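target_39.txt (compact mmCIF, C-alpha atoms) appears below.
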# COMPACT_ATOMS: atom_id res chain seq x y z
CA MET A 29 4.04 27.61 -97.87
CA LYS A 30 6.51 30.34 -98.69
CA LEU A 31 5.08 32.37 -95.81
CA LEU A 32 5.59 29.50 -93.37
CA ALA A 33 9.13 28.90 -94.56
CA GLY A 34 9.87 32.58 -94.11
CA LEU A 35 8.54 32.52 -90.55
CA VAL A 36 10.74 29.54 -89.71
CA ARG A 37 13.82 31.29 -91.05
CA LEU A 38 12.90 34.44 -89.12
CA ASP A 39 12.51 32.51 -85.87
CA VAL A 40 15.88 30.80 -86.32
CA PHE A 41 17.47 34.17 -86.99
CA LEU A 42 15.89 35.80 -83.91
CA TYR A 43 16.87 32.79 -81.81
CA PHE A 44 20.57 33.18 -82.51
CA ILE A 45 20.40 36.97 -82.26
CA SER A 46 18.91 36.62 -78.77
CA LEU A 47 21.71 34.24 -77.80
CA ILE A 48 24.35 36.72 -78.94
CA ALA A 49 22.57 39.62 -77.25
CA ALA A 50 22.34 37.75 -73.96
CA VAL A 51 26.07 37.07 -73.91
CA GLN A 52 26.86 40.65 -74.91
CA ALA A 53 24.59 41.94 -72.14
CA PHE A 54 26.76 40.16 -69.62
CA PHE A 55 29.90 41.95 -70.80
CA GLY A 56 28.29 45.15 -71.93
CA GLY A 57 28.03 47.02 -68.62
CA GLY A 58 30.01 50.24 -68.93
CA THR A 59 31.25 50.12 -65.34
CA ASN A 60 32.85 46.72 -65.95
CA ASN A 61 35.51 48.36 -68.13
CA TYR A 62 36.29 51.24 -65.78
CA ARG A 63 39.87 51.26 -64.51
CA ARG A 64 41.81 53.18 -61.90
CA LYS A 65 45.51 53.62 -61.39
CA VAL A 66 46.16 51.99 -58.01
CA SER A 67 49.26 52.31 -55.85
CA LEU A 68 50.17 51.16 -52.33
CA GLU A 69 52.19 53.21 -49.87
CA LEU A 70 53.05 52.20 -46.31
CA ASN A 71 53.38 55.10 -43.86
CA SER A 72 55.24 53.87 -40.77
CA ASP A 73 56.20 55.39 -37.44
CA PRO A 74 59.25 57.50 -38.41
CA SER A 75 60.79 57.03 -34.96
CA GLY A 76 60.79 53.24 -35.37
CA SER A 77 59.66 52.84 -31.78
CA SER A 78 56.46 50.94 -32.69
CA ASN A 79 54.90 48.75 -35.37
CA ILE A 80 52.12 51.27 -35.93
CA SER A 81 51.66 52.01 -39.62
CA VAL A 82 49.03 53.17 -42.08
CA LEU A 83 48.64 51.43 -45.43
CA HIS A 84 47.48 53.92 -48.04
CA VAL A 85 45.79 52.54 -51.16
CA ARG A 86 45.45 55.38 -53.68
CA ALA A 87 43.06 54.71 -56.59
CA VAL A 88 43.13 57.52 -59.15
CA GLY A 89 40.37 57.86 -61.75
CA GLY A 90 39.81 60.32 -64.56
CA ASN A 91 38.61 63.16 -62.35
CA ASP A 92 38.58 61.78 -58.80
CA THR A 93 40.59 59.76 -56.28
CA LEU A 94 39.63 57.10 -53.77
CA HIS A 95 41.76 56.79 -50.66
CA PHE A 96 41.61 53.48 -48.76
CA LEU A 97 43.53 53.77 -45.48
CA TRP A 98 44.12 50.63 -43.43
CA GLY A 99 45.67 50.60 -39.98
CA SER A 100 45.68 48.89 -36.58
CA GLN A 101 45.80 52.00 -34.42
CA GLY A 102 43.03 51.39 -31.89
CA VAL A 103 41.31 48.51 -33.69
CA PRO A 104 41.89 47.31 -37.28
CA THR A 105 40.17 49.95 -39.41
CA LEU A 106 39.55 50.64 -43.09
CA LEU A 107 38.96 54.34 -43.71
CA MET A 108 37.53 55.21 -47.16
CA VAL A 109 37.61 58.75 -48.57
CA HIS A 110 36.26 59.90 -51.93
CA THR A 111 37.65 63.14 -53.38
CA ASP A 112 36.72 64.96 -56.59
CA SER A 113 40.31 65.60 -57.68
CA PRO A 114 43.07 63.28 -58.96
CA GLU A 115 45.63 65.39 -57.07
CA THR A 116 44.52 64.90 -53.45
CA ARG A 117 47.03 63.56 -50.94
CA VAL A 118 47.14 62.13 -47.41
CA GLN A 119 48.97 63.86 -44.57
CA ILE A 120 49.83 62.22 -41.21
CA ASP A 121 51.03 64.12 -38.15
CA TRP A 122 52.97 61.31 -36.51
CA ALA A 123 53.68 63.22 -33.30
CA ARG A 124 49.94 63.49 -32.69
CA MET A 125 49.17 60.04 -34.09
CA LEU A 126 51.39 58.45 -31.41
CA SER A 127 50.20 60.69 -28.60
CA ASN A 128 47.06 60.63 -26.49
CA ASN A 129 45.66 63.45 -28.64
CA ILE A 130 45.21 61.48 -31.87
CA SER A 131 42.20 63.51 -33.00
CA GLY A 132 42.78 65.18 -36.37
CA SER A 133 46.24 63.68 -36.93
CA LEU A 134 45.26 62.23 -40.33
CA THR A 135 43.97 64.53 -43.09
CA VAL A 136 43.26 64.42 -46.81
CA GLU A 137 44.36 67.60 -48.58
CA PRO A 138 42.83 69.78 -49.82
CA ALA A 139 39.91 69.26 -47.45
CA SER A 140 37.56 71.05 -49.86
CA ALA A 141 37.97 68.17 -52.34
CA VAL A 142 36.57 65.55 -49.92
CA ARG A 143 33.10 64.50 -51.06
CA TYR A 144 32.42 61.53 -48.81
CA SER A 145 34.14 59.53 -46.09
CA THR A 146 33.31 56.51 -43.97
CA ALA A 147 35.05 53.84 -41.91
CA PHE A 148 34.68 50.15 -41.15
CA LEU A 149 36.15 48.82 -37.91
CA PHE A 150 36.79 45.26 -36.72
CA SER A 151 36.55 45.51 -32.97
CA LYS A 152 35.90 42.14 -31.30
CA ILE A 153 36.04 38.41 -31.82
CA TRP A 154 33.36 36.59 -29.86
CA GLU A 155 33.78 32.99 -28.78
CA TYR A 156 30.78 31.06 -27.52
CA LYS A 157 29.88 27.49 -26.73
CA GLU A 158 27.15 26.27 -29.02
CA ASN A 159 23.97 25.50 -27.11
CA SER A 160 21.43 27.06 -29.49
CA THR A 161 20.66 27.54 -33.16
CA ASP A 162 22.65 30.74 -33.63
CA GLN A 163 24.76 33.32 -31.85
CA SER A 164 21.90 35.79 -31.33
CA GLN A 165 20.01 33.18 -29.27
CA ALA A 166 23.00 31.88 -27.32
CA ALA A 167 22.66 32.18 -23.55
CA ALA A 168 24.82 34.76 -21.81
CA ASP A 169 26.65 32.09 -19.84
CA SER A 170 27.74 30.37 -23.07
CA TYR A 171 29.94 33.32 -24.02
CA PHE A 172 33.59 33.53 -23.13
CA PRO A 173 35.22 36.94 -22.58
CA PRO A 174 35.62 38.42 -26.09
CA TYR A 175 38.94 39.00 -27.76
CA SER A 176 39.23 42.78 -28.03
CA LEU A 177 41.28 43.50 -31.13
CA GLU A 178 42.57 46.78 -29.67
CA GLU A 179 44.55 44.65 -27.20
CA PHE A 180 46.31 42.62 -29.91
CA THR A 181 49.94 43.01 -30.82
CA TRP A 182 50.18 43.46 -34.58
CA GLU A 183 53.08 42.51 -36.83
CA ASP A 184 54.81 44.84 -39.26
CA LEU A 185 52.73 45.30 -42.42
CA ASN A 186 55.85 45.99 -44.46
CA ARG A 187 56.83 42.30 -44.37
CA THR A 188 53.72 41.28 -46.33
CA LEU A 189 53.29 44.27 -48.65
CA ASN A 190 53.13 43.26 -52.34
CA HIS A 191 53.08 46.27 -54.67
CA SER A 192 52.60 44.26 -57.86
CA ALA A 193 49.72 42.11 -56.54
CA LEU A 194 48.24 45.07 -54.59
CA THR A 195 47.96 43.00 -51.42
CA ALA A 196 49.07 43.10 -47.79
CA GLU A 197 48.42 41.10 -44.64
CA LEU A 198 48.04 42.32 -41.07
CA CYS A 199 48.49 39.57 -38.45
CA GLY A 200 48.35 39.80 -34.69
CA ARG A 201 48.13 37.87 -31.45
CA ASN A 202 46.43 38.33 -28.13
CA GLN A 203 48.74 38.29 -25.12
CA SER A 204 46.71 35.48 -23.56
CA GLN A 205 47.21 33.28 -26.63
CA HIS A 206 50.65 31.71 -26.85
CA ARG A 207 49.89 30.12 -30.20
CA GLY A 208 47.72 30.93 -33.16
CA ARG A 209 47.01 34.25 -34.81
CA VAL A 210 44.34 36.44 -36.38
CA CYS A 211 44.98 37.94 -39.82
CA PHE A 212 43.36 40.44 -42.15
CA GLN A 213 44.39 39.98 -45.78
CA ILE A 214 43.82 43.16 -47.83
CA SER A 215 43.48 43.31 -51.63
CA ALA A 216 43.02 46.34 -53.90
CA PHE A 217 41.80 46.31 -57.49
CA GLU A 218 42.37 48.36 -60.63
CA SER A 219 39.29 47.14 -62.48
CA TRP A 220 36.30 44.84 -62.51
CA GLY A 221 36.94 41.14 -61.87
CA ARG A 222 36.36 38.18 -59.61
CA ASP A 223 38.59 36.78 -56.86
CA PRO A 224 39.95 33.35 -57.86
CA ALA A 225 39.52 31.93 -54.35
CA TRP A 226 36.19 30.94 -52.83
CA PRO A 227 33.73 32.55 -52.29
CA ARG A 228 34.87 34.27 -55.52
CA LEU A 229 33.48 37.72 -54.70
CA LEU A 230 32.88 40.08 -57.60
CA HIS A 231 34.81 43.36 -57.30
CA ASN A 232 35.34 46.62 -59.19
CA ALA A 233 37.79 49.52 -59.20
CA ASN A 234 35.92 51.25 -56.36
CA SER A 235 36.35 48.44 -53.86
CA SER A 236 38.85 46.50 -51.79
CA GLN A 237 38.57 43.01 -50.37
CA LEU A 238 39.36 41.82 -46.87
CA ARG A 239 39.81 38.19 -45.84
CA PHE A 240 39.55 37.54 -42.10
CA VAL A 241 41.43 34.46 -40.85
CA ILE A 242 41.60 32.75 -37.44
CA GLU A 243 44.39 30.18 -37.50
CA GLY A 244 45.75 27.95 -34.76
CA VAL A 245 43.97 29.76 -31.91
CA THR A 246 43.25 27.42 -28.99
CA PRO A 247 39.47 27.29 -28.42
CA ARG A 248 38.15 27.49 -24.87
CA SER A 249 35.63 24.71 -25.51
CA ASN A 250 35.40 21.67 -27.76
CA ARG A 251 32.09 23.13 -29.02
CA SER A 252 33.36 26.65 -29.71
CA ARG A 253 32.02 28.91 -32.44
CA PHE A 254 33.40 32.34 -33.34
CA ALA A 255 31.83 35.60 -34.43
CA LEU A 256 33.32 38.89 -35.66
CA GLU A 257 32.00 42.34 -34.76
CA LEU A 258 31.96 44.70 -37.75
CA LEU A 259 31.32 48.42 -37.14
CA SER A 260 30.47 51.08 -39.69
CA ILE A 261 30.90 54.78 -38.95
CA ASP A 262 29.07 57.33 -41.07
CA SER A 263 27.46 60.75 -40.94
CA ARG A 264 24.24 61.14 -38.93
CA ASP A 265 22.61 62.21 -42.20
CA HIS A 266 23.11 58.63 -43.40
CA GLU A 267 21.82 55.32 -42.12
CA ALA A 268 23.17 51.78 -42.26
CA ARG A 269 20.76 49.40 -43.95
CA GLU A 270 20.98 45.62 -44.13
CA GLU A 271 20.09 43.95 -47.40
CA THR A 272 19.96 40.38 -48.66
CA HIS A 273 19.86 39.62 -52.38
CA ARG A 274 18.87 36.13 -53.48
CA SER A 275 19.70 34.37 -56.71
CA ILE A 276 18.93 31.10 -58.48
CA ASP A 277 22.58 30.72 -59.49
CA ASP A 278 25.34 29.26 -57.30
CA GLU A 279 27.88 28.83 -60.09
CA TYR A 280 30.67 30.83 -58.41
CA THR A 281 29.95 29.80 -54.80
CA PRO A 282 28.42 26.31 -54.69
CA SER A 283 25.31 25.95 -52.48
CA ILE A 284 25.21 29.71 -51.69
CA PHE A 285 22.24 31.49 -53.27
CA GLN A 286 22.40 34.90 -51.62
CA VAL A 287 24.57 37.92 -50.91
CA SER A 288 24.41 39.94 -47.69
CA GLN A 289 25.42 43.56 -47.43
CA LEU A 290 25.45 46.53 -45.08
CA VAL A 291 24.97 49.72 -47.12
CA SER A 292 25.06 53.40 -46.21
CA VAL A 293 22.30 55.55 -47.71
CA HIS A 294 20.83 59.01 -47.15
CA VAL A 295 18.15 59.04 -44.46
CA ASN A 296 14.64 59.06 -45.95
CA SER A 297 15.99 59.22 -49.48
CA SER A 298 16.08 57.02 -52.56
CA ALA A 299 19.51 58.37 -53.55
CA PRO A 300 22.20 55.86 -54.62
CA VAL A 301 24.22 53.84 -52.12
CA LEU A 302 27.22 55.73 -50.72
CA SER A 303 29.31 52.83 -49.37
CA TYR A 304 28.94 49.19 -48.46
CA ALA A 305 30.25 46.02 -46.91
CA GLN A 306 29.25 42.98 -48.95
CA TRP A 307 29.76 39.28 -48.24
CA LYS A 308 28.40 35.86 -48.99
CA PRO A 309 27.11 33.97 -45.92
CA VAL A 310 29.81 31.32 -46.00
CA ALA A 311 33.16 30.70 -44.30
CA TYR A 312 35.80 28.03 -44.86
CA ARG A 313 37.54 25.69 -42.45
CA THR A 314 40.76 25.16 -44.42
CA ALA A 315 43.19 27.43 -46.28
CA SER A 316 42.65 25.55 -49.57
CA PRO A 317 39.01 24.56 -49.24
CA VAL A 318 36.91 22.09 -51.15
CA PHE A 319 33.13 22.11 -51.07
CA GLU A 320 32.95 20.04 -47.87
CA ASP A 321 35.05 22.66 -46.01
CA SER A 322 32.42 25.40 -46.29
CA THR A 323 30.26 26.41 -43.33
CA PRO A 324 27.27 28.80 -43.31
CA CYS A 325 27.35 32.24 -41.67
CA ARG A 326 24.69 34.36 -40.04
CA HIS A 327 24.62 38.00 -39.04
CA SER A 328 22.79 39.98 -36.38
CA PRO A 329 20.68 43.10 -37.03
CA ALA A 330 22.62 46.37 -37.06
CA SER A 331 22.67 48.11 -33.68
CA PRO A 332 24.83 50.61 -31.75
CA PRO A 333 28.03 49.01 -30.41
CA LEU A 334 28.15 48.44 -26.65
CA PRO A 335 30.59 49.54 -25.43
CA PRO A 336 32.16 51.51 -28.32
CA PRO A 337 35.80 50.55 -29.00
CA ARG A 338 38.84 52.78 -29.07
CA LEU A 339 38.38 54.29 -32.52
CA GLY A 340 42.02 54.97 -33.41
CA LEU A 341 42.32 55.65 -37.13
CA ALA A 342 38.69 56.79 -37.40
CA LEU A 343 39.22 59.34 -34.62
CA ALA A 344 42.47 60.45 -36.26
CA PHE A 345 40.54 61.44 -39.41
CA PHE A 346 37.08 62.50 -38.19
CA GLY A 347 38.44 64.31 -35.13
CA GLY A 348 36.30 65.92 -32.47
CA THR A 349 33.15 65.82 -34.61
CA LEU A 350 33.03 62.02 -34.34
CA ASP A 351 30.83 61.99 -31.22
CA GLN A 352 28.31 64.55 -32.49
CA GLY A 353 28.28 64.33 -36.28
CA TYR A 354 28.60 60.58 -36.82
CA ARG A 355 26.83 57.37 -35.87
CA ALA A 356 28.15 53.84 -35.45
CA SER A 357 26.34 50.61 -36.33
CA ALA A 358 27.55 47.14 -35.34
CA VAL A 359 26.84 43.81 -37.00
CA ASN A 360 28.03 40.46 -35.64
CA ILE A 361 28.83 37.78 -38.22
CA SER A 362 28.83 34.29 -36.68
CA PHE A 363 30.51 31.33 -38.36
CA GLY A 364 28.94 27.88 -38.30
CA ILE A 365 25.51 26.43 -37.50
CA PRO A 366 24.34 23.30 -35.62
CA GLY A 367 25.41 20.12 -37.36
CA GLU A 368 28.55 21.70 -38.79
CA PRO A 369 32.02 20.75 -37.49
CA PHE A 370 33.39 22.95 -34.73
CA TYR A 371 36.48 25.14 -34.99
CA ASN A 372 38.75 22.66 -33.18
CA VAL A 373 38.36 20.11 -36.00
CA THR A 374 40.72 22.05 -38.30
CA GLY A 375 41.85 25.02 -36.19
CA TYR A 376 41.25 27.31 -39.16
CA LEU A 377 38.50 29.70 -40.26
CA SER A 378 38.35 32.27 -43.08
CA TRP A 379 35.67 34.71 -44.18
CA SER A 380 35.79 37.29 -47.00
CA CYS A 381 34.16 40.69 -47.30
CA LEU A 382 34.13 43.36 -50.02
CA LEU A 383 34.31 47.00 -48.85
CA GLY A 384 33.80 49.86 -51.26
CA LEU A 385 32.41 53.23 -52.25
CA GLY A 386 29.31 53.72 -54.39
CA SER A 387 26.89 50.94 -55.26
CA PRO A 388 28.07 47.37 -54.63
CA PRO A 389 28.71 45.15 -57.67
CA GLU A 390 25.80 42.91 -58.62
CA ASP A 391 26.41 39.28 -59.45
CA SER A 392 24.99 37.99 -62.71
CA PHE A 393 24.93 34.82 -64.76
CA SER A 394 28.08 33.79 -66.60
CA PRO A 395 28.07 33.51 -70.44
CA LEU A 396 27.93 29.72 -70.07
CA VAL A 397 24.81 29.83 -67.90
CA LEU A 398 23.20 32.47 -70.11
CA GLY A 399 23.87 30.35 -73.19
CA ILE A 400 22.38 27.27 -71.53
CA MET A 401 19.31 29.25 -70.49
CA VAL A 402 18.77 30.68 -73.97
CA VAL A 403 19.24 27.30 -75.63
CA GLY A 404 17.10 25.55 -73.02
CA LEU A 405 14.23 28.01 -73.37
CA GLY A 406 14.55 28.74 -77.07
CA THR A 407 15.08 25.25 -78.47
CA PRO A 408 11.67 23.84 -77.40
CA ALA A 409 9.89 26.85 -78.88
CA LEU A 410 11.89 26.50 -82.07
CA LEU A 411 11.09 22.79 -82.32
CA LEU A 412 7.39 23.46 -81.75
CA LEU A 413 7.33 26.10 -84.46
CA VAL A 414 9.26 24.00 -86.98
CA GLY A 415 7.16 20.94 -86.18
CA GLY A 416 3.93 22.91 -86.51
CA ALA A 417 5.05 24.35 -89.83
CA TYR A 418 5.92 20.87 -91.12
CA VAL A 419 2.53 19.48 -90.12
CA CYS A 420 0.75 22.38 -91.82
CA VAL A 421 2.75 21.94 -95.02
CA ARG A 422 2.00 18.21 -95.16
CA ARG A 423 -1.69 18.82 -94.55
CA LEU A 424 -1.88 21.47 -97.26
CA ARG A 425 -0.24 19.14 -99.75
CA ARG A 426 -2.73 16.35 -98.99
CA GLU A 427 -5.69 18.66 -99.34
CA GLN A 428 -4.72 20.09 -102.76
CA PRO A 429 -7.39 19.01 -105.34
CA GLY A 430 -6.18 16.83 -108.19
CA TYR A 431 -7.32 16.91 -111.87
CA ALA A 432 -10.23 14.63 -112.79
CA PRO A 433 -9.51 12.18 -115.64
CA ILE A 434 -10.81 13.15 -119.12
CA SER A 435 -13.37 10.66 -120.29

Will you turn the file into C-alpha cells for me?
Amino acid sequence: MKLLAGLVRLDVFLYFISLIAAVQAFFGGGTNNYRRKVSLELNSDPSGSSNISVLHVRAVGGNDTLHFLWGSQGVPTLLMVHTDSPETRVQIDWARMLSNNISGSLTVEPASAVRYSTAFLFSKIWEYKENSTDQSQAAADSYFPPYSLEEFTWEDLNRTLNHSALTAELCGRNQSQHRGRVCFQISAFESWGRDPAWPRLLHNANSSQLRFVIEGVTPRSNRSRFALELLSIDSRDHEAREETHRSIDDEYTPSIFQVSQLVSVHVNSSAPVLSYAQWKPVAYRTASPVFEDSTPCRHSPASPPLPPPRLGLALAFFGGTLDQGYRASAVNISFGIPGEPFYNVTGYLSWSCLLGLGSPPEDSFSPLVLGIMVVGLGTPALLLLVGGAYVCVRRLRREQPGYAPIS
C-alpha cells in the first residue's frame, strides 16, 4: 500500500513538472531573447529633383550588422546585406544612382566585411478574370495587361517614416489609374515578437515585414482577381527552394494551418538557410478584417522571370556581376479562389510577408495551448493510475485474513 501511494505521489509530481517544462520550452529558445539596435535613415535625392530615395534599416548586433535597404528605383526592392562588423556603413553615389549608369552606385563599406547579400523585388501586379480554379490554370485571354511597378509614380517615403515605431509606407499609382493606389508597408524589429494584426506573423531581430496593399484600384472586370510577382536574386551558388510547413494549430491565424516560404540555400548542400520570404496563404479584403474578410492565397512554382524587370536598386549594389554571378527566381502569389468574393466587393486587398536573413522563425504552440494539451493528455492517465491504485488497495483490504475466534 505504501508503495502504491508513493507511485501516485510520484505521478502527480511528474505531471506538474511536465506542465511547467512544456511552458518553459516555449519561452526557452535562446534566439527569442536576441536583440539588435535598429535605426532608420532615409537617403533622398540631394538635388530634390525627384522622389527617389533609399530607406536604410540598420540592425546592429554584438559582432555583426544587418542592412535592409528599401527603395523604388526600378521596381520596389528590398536589398539585404549581412556584414561581420558592427561598424559597416552604406554609401550612395547619387550622381550615378540618378544616371543611366546606376551599376555600382550603392556600396556597403568595407566590402571585405560583407558575408552575404540578396534582394527581393516586387515587379508586377497581374489582373485576370476568373474562369478557372487558380491563376496558374487561367487561360491567356483571361489576363489583362499587367501593372508593371517600374512604371508607377511613388510618393515621398519621408512623409510616412516613423522612427519610434520603425515603420514606413511606400505608396504609388499607375498613370492609367486615376484613383486608387498600391502600397508597401515596411516594419523593422529589434527582437522576437508577433505582429498584432492578422495574419500575426512571427518575427525576430533578423527580419523585416512587408504588407502589400491594393486599395481603391478600379478593376477591369467584375470577376477580377489579382496576383503579385515576387522575385528573389541570389548567387548562382545558391538555389531558391519552396517549402510548405503544416501545423495542427490555427490559434494565431484562424483556419490557416500552414506557412509557405521561399528560402535560399547552398546548391547540393544541407547547410542552414541563408535568407527567406515567408508568408501565410491568406489575404484580407478590409483594412480592419474579421474572420469573414479573409481569402485564401496560392503561389506558383519558382521559375525565371520573363521578361526580367528593370532591376534598379539590385543593379546599383550587385553591379556588372548581376548577369553572370546571380540568378533570379520568380513566384506569383494569387489572391482569392472560386467561391470567394471578388476584389470589387470591397475594393481592398492586403497580404503580408516576412523577409529576413538566416533561418525563418518557426511557429509553435502558445503557453495556453501547451497547457491544455498537457492537461488533456495527462489528466486521463493520472485518473487511470489513481483509480487503479484505489481498486488495488480496496481489493487488498478485502483479501486480508481475519483472526479465527477462540473456542

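Excluding His191 (chain A) itself and same-chain residues fewer than 6 positions from it, the residues having an atom within 12 Å of it are Val66, Ser67, Leu68, Glu69, Leu70, Leu83, His84, Val85, Arg86, Ile214, Ser215, Ala216 and Phe217 of chain A, counting all atoms listed in the file.
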
Practice prompt. Using all atoms listed in the file, pick whichever of A:Trp307, A:Phe180, A:Phe254, A:Phe150 has the shortest atom-to-atom distance to Arg228 (chain A).
Written response: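 Under the stated criterion, the closest residue is A:Trp307.
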
Worksheet item: What is the distance, in Å and to one decimal place, between CA of Leu94 (chain A) and CA of Val301 (chain A)?
Response: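 CA of Val301 (chain A) lies 15.8 Å from CA of Leu94 (chain A).
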
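Put simply, CA of Asp321 (chain A) is 21.2 Å away from CA of Ile153 (chain A).
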
Discussion item. Counting only C-alpha atoms, I want the residues whose atoms come within 12 Å of (46.6, 25.9, -33.4) in the file frame, returned as a ChimeraX atom specification.
Written reply: /A:205-210,242-247,371-377

Fill in: Spatial neighbours of Ser331 (chain A), max dist 9 Å, only C-alpha atoms, sep filter under 2 positions, as a list in words
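Contacts, in chain order: Ser328, Pro329, Pro333, Leu334, Ala356, Ser357, Ala358 and Val359 of chain A.
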
Can you rebuild region 233-241 of chain A with all heavy atoms and give it as a short mmCIF file (atom, residue, chain, number, x, y, z; two decimals), keeping the file's coordinate frame?
data_model
loop_
_atom_site.label_atom_id
_atom_site.label_comp_id
_atom_site.auth_asym_id
_atom_site.auth_seq_id
_atom_site.Cartn_x
_atom_site.Cartn_y
_atom_site.Cartn_z
N ALA A 233 36.68 48.61 -59.50
CA ALA A 233 37.79 49.52 -59.20
C ALA A 233 37.50 50.41 -58.00
O ALA A 233 38.41 51.11 -57.54
CB ALA A 233 38.10 50.38 -60.43
N ASN A 234 36.28 50.41 -57.50
CA ASN A 234 35.92 51.25 -56.36
C ASN A 234 35.87 50.47 -55.05
O ASN A 234 35.27 50.92 -54.08
CB ASN A 234 34.54 51.90 -56.60
CG ASN A 234 34.54 52.78 -57.83
OD1 ASN A 234 35.56 53.32 -58.24
ND2 ASN A 234 33.38 52.92 -58.45
N SER A 235 36.48 49.31 -55.02
CA SER A 235 36.35 48.44 -53.86
C SER A 235 37.70 47.85 -53.46
O SER A 235 38.68 47.89 -54.20
CB SER A 235 35.36 47.31 -54.14
OG SER A 235 35.84 46.48 -55.19
N SER A 236 37.72 47.30 -52.27
CA SER A 236 38.85 46.50 -51.79
C SER A 236 38.28 45.29 -51.05
O SER A 236 37.16 45.34 -50.54
CB SER A 236 39.77 47.32 -50.88
OG SER A 236 39.07 47.73 -49.72
N GLN A 237 39.05 44.23 -51.01
CA GLN A 237 38.57 43.01 -50.37
C GLN A 237 39.39 42.71 -49.12
O GLN A 237 40.60 42.95 -49.08
CB GLN A 237 38.65 41.82 -51.33
CG GLN A 237 38.15 40.51 -50.72
CD GLN A 237 38.13 39.37 -51.73
OE1 GLN A 237 37.33 39.35 -52.64
NE2 GLN A 237 39.04 38.43 -51.55
N LEU A 238 38.70 42.19 -48.12
CA LEU A 238 39.36 41.82 -46.87
C LEU A 238 39.01 40.38 -46.55
O LEU A 238 37.83 39.99 -46.60
CB LEU A 238 38.90 42.75 -45.75
CG LEU A 238 39.56 42.55 -44.40
CD1 LEU A 238 39.82 43.89 -43.75
CD2 LEU A 238 38.68 41.69 -43.50
N ARG A 239 40.02 39.57 -46.26
CA ARG A 239 39.81 38.19 -45.84
C ARG A 239 40.25 38.07 -44.39
O ARG A 239 41.40 38.33 -44.04
CB ARG A 239 40.56 37.21 -46.73
CG ARG A 239 40.40 35.75 -46.28
CD ARG A 239 40.97 34.76 -47.27
NE ARG A 239 40.06 34.59 -48.40
CZ ARG A 239 40.34 34.96 -49.64
NH1 ARG A 239 41.50 35.52 -49.92
NH2 ARG A 239 39.47 34.78 -50.61
N PHE A 240 39.31 37.69 -43.54
CA PHE A 240 39.55 37.54 -42.10
C PHE A 240 39.87 36.07 -41.81
O PHE A 240 39.13 35.17 -42.24
CB PHE A 240 38.29 37.99 -41.34
CG PHE A 240 38.26 37.62 -39.90
CD1 PHE A 240 39.13 38.21 -39.00
CD2 PHE A 240 37.33 36.70 -39.42
CE1 PHE A 240 39.09 37.88 -37.65
CE2 PHE A 240 37.28 36.36 -38.09
CZ PHE A 240 38.17 36.96 -37.20
N VAL A 241 40.96 35.82 -41.09
CA VAL A 241 41.43 34.46 -40.85
C VAL A 241 41.73 34.28 -39.36
O VAL A 241 42.41 35.11 -38.74
CB VAL A 241 42.70 34.14 -41.67
CG1 VAL A 241 43.21 32.75 -41.34
CG2 VAL A 241 42.42 34.26 -43.17
#
